[in-house]
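Have a look at start_12.pdb; it's PDB, C-alpha atoms:
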ATOM      1  CA  MET A   1      93.446 115.949 133.359  1.00  0.00           C
ATOM      2  CA  THR A   2      90.471 114.915 131.256  1.00  0.00           C
ATOM      3  CA  THR A   3      87.822 112.617 132.671  1.00  0.00           C
ATOM      4  CA  ILE A   4      86.411 109.887 130.474  1.00  0.00           C
ATOM      5  CA  ARG A   5      83.006 108.629 131.550  1.00  0.00           C
ATOM      6  CA  VAL A   6      82.205 105.088 130.428  1.00  0.00           C
ATOM      7  CA  HIS A   7      78.553 104.048 130.244  1.00  0.00           C
ATOM      8  CA  ARG A   8      78.030 100.312 130.350  1.00  0.00           C
ATOM      9  CA  PRO A   9      74.658  99.153 129.076  1.00  0.00           C
ATOM     10  CA  ASP A  10      75.185  95.724 130.652  1.00  0.00           C
ATOM     11  CA  LEU A  11      75.007  97.123 134.223  1.00  0.00           C
ATOM     12  CA  ALA A  12      71.843  98.033 136.088  1.00  0.00           C
ATOM     13  CA  PRO A  13      71.429 101.726 136.999  1.00  0.00           C
ATOM     14  CA  GLY A  14      73.500 102.508 140.070  1.00  0.00           C
ATOM     15  CA  ASP A  15      75.736  99.454 139.713  1.00  0.00           C
ATOM     16  CA  THR A  16      79.399 100.187 139.277  1.00  0.00           C
ATOM     17  CA  ALA A  17      82.283  98.141 138.050  1.00  0.00           C
ATOM     18  CA  PRO A  18      85.889  99.254 138.494  1.00  0.00           C
ATOM     19  CA  LEU A  19      87.749  99.998 135.291  1.00  0.00           C
ATOM     20  CA  GLU A  20      91.483  99.998 134.949  1.00  0.00           C
ATOM     21  CA  MET A  21      93.490 101.524 132.163  1.00  0.00           C
ATOM     22  CA  ALA A  22      95.469  99.116 130.031  1.00  0.00           C
ATOM     23  CA  PRO A  23      99.198  99.317 130.709  1.00  0.00           C
ATOM     24  CA  ARG A  24     100.987 101.800 128.461  1.00  0.00           C
ATOM     25  CA  GLU A  25     104.623 102.329 127.668  1.00  0.00           C
ATOM     26  CA  PRO A  26     105.786 105.900 128.213  1.00  0.00           C
ATOM     27  CA  GLN A  27     105.919 107.879 124.992  1.00  0.00           C
ATOM     28  CA  PRO A  28     109.451 108.857 124.028  1.00  0.00           C
ATOM     29  CA  SER A  29     110.268 112.523 123.857  1.00  0.00           C
ATOM     30  CA  GLY A  30     109.582 113.908 120.410  1.00  0.00           C
ATOM     31  CA  ALA A  31     107.386 111.067 119.157  1.00  0.00           C
ATOM     32  CA  ARG A  32     106.038 111.069 115.604  1.00  0.00           C
ATOM     33  CA  LEU A  33     102.249 111.082 115.334  1.00  0.00           C
ATOM     34  CA  LEU A  34     100.678 109.601 112.223  1.00  0.00           C
ATOM     35  CA  LEU A  35      97.122 110.465 111.218  1.00  0.00           C
ATOM     36  CA  VAL A  36      95.412 108.211 108.695  1.00  0.00           C
ATOM     37  CA  ASP A  37      92.783 110.215 106.808  1.00  0.00           C
ATOM     38  CA  ASN A  38      90.161 107.685 105.715  1.00  0.00           C
ATOM     39  CA  GLY A  39      88.821 109.938 102.957  1.00  0.00           C
ATOM     40  CA  LYS A  40      85.478 110.698 104.560  1.00  0.00           C
ATOM     41  CA  PRO A  41      84.229 114.285 104.695  1.00  0.00           C
ATOM     42  CA  ASN A  42      85.821 116.271 107.543  1.00  0.00           C
ATOM     43  CA  ALA A  43      88.025 113.363 108.665  1.00  0.00           C
ATOM     44  CA  LYS A  44      91.239 115.295 107.998  1.00  0.00           C
ATOM     45  CA  ALA A  45      89.947 118.365 109.868  1.00  0.00           C
ATOM     46  CA  LEU A  46      88.852 116.288 112.871  1.00  0.00           C
ATOM     47  CA  LEU A  47      92.165 114.428 112.999  1.00  0.00           C
ATOM     48  CA  GLY A  48      93.965 117.780 112.841  1.00  0.00           C
ATOM     49  CA  HIS A  49      92.064 118.974 115.918  1.00  0.00           C
ATOM     50  CA  ILE A  50      92.940 115.747 117.731  1.00  0.00           C
ATOM     51  CA  ALA A  51      96.611 116.235 116.825  1.00  0.00           C
ATOM     52  CA  ASP A  52      96.535 119.798 118.174  1.00  0.00           C
ATOM     53  CA  ARG A  53      95.116 118.557 121.474  1.00  0.00           C
ATOM     54  CA  LEU A  54      97.670 115.740 121.702  1.00  0.00           C
ATOM     55  CA  ARG A  55     100.464 118.277 121.241  1.00  0.00           C
ATOM     56  CA  ASP A  56      99.207 119.889 124.464  1.00  0.00           C
ATOM     57  CA  LEU A  57      99.272 116.548 126.297  1.00  0.00           C
ATOM     58  CA  ILE A  58     102.388 114.769 125.058  1.00  0.00           C
ATOM     59  CA  ASP A  59     105.666 115.720 123.429  1.00  0.00           C
ATOM     60  CA  VAL A  60     104.895 115.334 119.715  1.00  0.00           C
ATOM     61  CA  ALA A  61     107.785 116.332 117.492  1.00  0.00           C
ATOM     62  CA  ASP A  62     106.205 115.662 114.126  1.00  0.00           C
ATOM     63  CA  VAL A  63     102.737 115.042 112.715  1.00  0.00           C
ATOM     64  CA  GLU A  64     102.345 113.199 109.422  1.00  0.00           C
ATOM     65  CA  VAL A  65      99.078 112.673 107.530  1.00  0.00           C
ATOM     66  CA  HIS A  66      98.580 109.680 105.269  1.00  0.00           C
ATOM     67  CA  SER A  67      95.479 109.954 103.094  1.00  0.00           C
ATOM     68  CA  LYS A  68      93.699 106.928 101.692  1.00  0.00           C
ATOM     69  CA  PRO A  69      92.289 107.291  98.160  1.00  0.00           C
ATOM     70  CA  SER A  70      88.780 106.536  99.468  1.00  0.00           C
ATOM     71  CA  ALA A  71      87.059 105.364 102.622  1.00  0.00           C
ATOM     72  CA  ALA A  72      86.295 102.031 100.934  1.00  0.00           C
ATOM     73  CA  ALA A  73      89.941 101.275 100.101  1.00  0.00           C
ATOM     74  CA  PRO A  74      91.886  99.429 102.817  1.00  0.00           C
ATOM     75  CA  LEU A  75      95.508 100.291 103.454  1.00  0.00           C
ATOM     76  CA  ASP A  76      97.871  98.026 101.592  1.00  0.00           C
ATOM     77  CA  ALA A  77      99.769  95.661 103.933  1.00  0.00           C
ATOM     78  CA  ASP A  78     103.143  97.027 102.816  1.00  0.00           C
ATOM     79  CA  VAL A  79     102.015 100.617 103.437  1.00  0.00           C
ATOM     80  CA  THR A  80     100.675  99.625 106.849  1.00  0.00           C
ATOM     81  CA  ARG A  81     104.023  98.080 107.835  1.00  0.00           C
ATOM     82  CA  MET A  82     105.947 101.133 106.591  1.00  0.00           C
ATOM     83  CA  LEU A  83     103.696 103.520 108.528  1.00  0.00           C
ATOM     84  CA  ALA A  84     104.014 101.419 111.689  1.00  0.00           C
ATOM     85  CA  VAL A  85     107.801 101.527 111.495  1.00  0.00           C
ATOM     86  CA  ARG A  86     107.884 105.296 110.935  1.00  0.00           C
ATOM     87  CA  SER A  87     105.518 106.336 113.745  1.00  0.00           C
ATOM     88  CA  ARG A  88     105.152 105.874 117.468  1.00  0.00           C
ATOM     89  CA  LEU A  89     101.454 106.784 117.658  1.00  0.00           C
ATOM     90  CA  VAL A  90      98.863 106.213 114.914  1.00  0.00           C
ATOM     91  CA  ILE A  91      95.297 107.523 114.834  1.00  0.00           C
ATOM     92  CA  SER A  92      92.891 106.515 112.103  1.00  0.00           C
ATOM     93  CA  GLY A  93      89.479 108.011 111.434  1.00  0.00           C
ATOM     94  CA  LEU A  94      86.709 105.406 111.449  1.00  0.00           C
ATOM     95  CA  GLY A  95      82.969 105.565 110.928  1.00  0.00           C
ATOM     96  CA  ASP A  96      80.801 108.524 109.967  1.00  0.00           C
TER      97      ASP A  96
END
Now that the file is in, can you turn its structure into structure tokens?
Amino acid sequence: MTTIRVHRPDLAPGDTAPLEMAPREPQPSGARLLLVDNGKPNAKALLGHIADRLRDLIDVADVEVHSKPSAAAPLDADVTRMLAVRSRLVISGLGD
């Protein structure tokens, strides 16, 4: 299992605060993964690597990529609803 280390700038060195994972529903077998390519350079390649790793961790039956026309263009509300209905897990590239 992978370890995620969280650094909290609001704590003094050596102080610790317990962190709990948010509750999650179990993923159904054969879930569809949707990747939203934001149009930035290398976003599609990075999301592809993430999808490959997720296939090792959970049962992903299908991976779909939705590409935005540009990073500056938001997803249309109707497209967002359609993508949400079609997929169980959605990952979108953000930032640079």
Using the chain letters and residue numbers of this document, give as a VMD selection string the residues selected by the PyMOL selection byres ((chain A and resi 55-72) around 12). chain A and resid 1 to 2 26 to 41 43 to 45 47 to 54 73 to 76 79 to 80 82 to 84 86 to 96
State, in Å with one decimal place, the distance from atom CA of Leu46 of chain A to atom CA of Leu19 of chain A.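 Distance between the two atoms: 27.7 Å.
Interatomic distance, atom CA of Pro23 of chain A to atom CA of Asp78 of chain A: 28.3 Å.
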Rounded to one decimal, what separation in Å do you get between atom CA of Arg24 of chain A and atom CA of Leu11 of chain A?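 If I compute the distance from atom CA of Arg24 of chain A to atom CA of Leu11 of chain A, I get 27.0 Å.
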As AutoDock Vina command-line options, what would the box around segment 26-42 of chain A look like: edges along x, y and z, 3 Å added on every side, centre and edge lengths in Å to one decimal?
--center_x 97.2 --center_y 111.1 --center_z 115.6 --size_x 32.0 --size_y 16.4 --size_z 31.3
If you count all atoms listed in the file, which residues fall within 12 Å of His7 of chain A, apart from same-chain ones fewer than 6 positions away, as a short mmCIF file (atom, residue, chain, number, x, y, z; two decimals) with C-alpha atoms, in the frame of the given file?
data_model
loop_
_atom_site.label_atom_id
_atom_site.label_comp_id
_atom_site.auth_asym_id
_atom_site.auth_seq_id
_atom_site.Cartn_x
_atom_site.Cartn_y
_atom_site.Cartn_z
CA PRO A 13 71.43 101.73 137.00
CA GLY A 14 73.50 102.51 140.07
CA ASP A 15 75.74 99.45 139.71
CA THR A 16 79.40 100.19 139.28
CA ALA A 17 82.28 98.14 138.05
CA LEU A 19 87.75 100.00 135.29
#
Coordinates of segment 17-28 of chain A, C-alpha atoms, as a PDB file, in the first residue's frame:
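Result written to decode_22.pdb:
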ATOM      1  CA  ALA A  17      -2.414  15.832  14.397  1.00  0.00           C
ATOM      2  CA  PRO A  18      -4.298  12.639  13.564  1.00  0.00           C
ATOM      3  CA  LEU A  19      -5.749  12.490  10.079  1.00  0.00           C
ATOM      4  CA  GLU A  20      -8.583  10.260   9.048  1.00  0.00           C
ATOM      5  CA  MET A  21      -9.566   9.344   5.540  1.00  0.00           C
ATOM      6  CA  ALA A  22     -12.960  10.545   4.399  1.00  0.00           C
ATOM      7  CA  PRO A  23     -15.485   7.721   4.163  1.00  0.00           C
ATOM      8  CA  ARG A  24     -15.595   6.108   0.727  1.00  0.00           C
ATOM      9  CA  GLU A  25     -18.092   3.830  -0.918  1.00  0.00           C
ATOM     10  CA  PRO A  26     -16.554   0.650  -2.304  1.00  0.00           C
ATOM     11  CA  GLN A  27     -15.926   0.857  -6.029  1.00  0.00           C
ATOM     12  CA  PRO A  28     -18.085  -1.549  -8.006  1.00  0.00           C
TER      13      PRO A  28
END
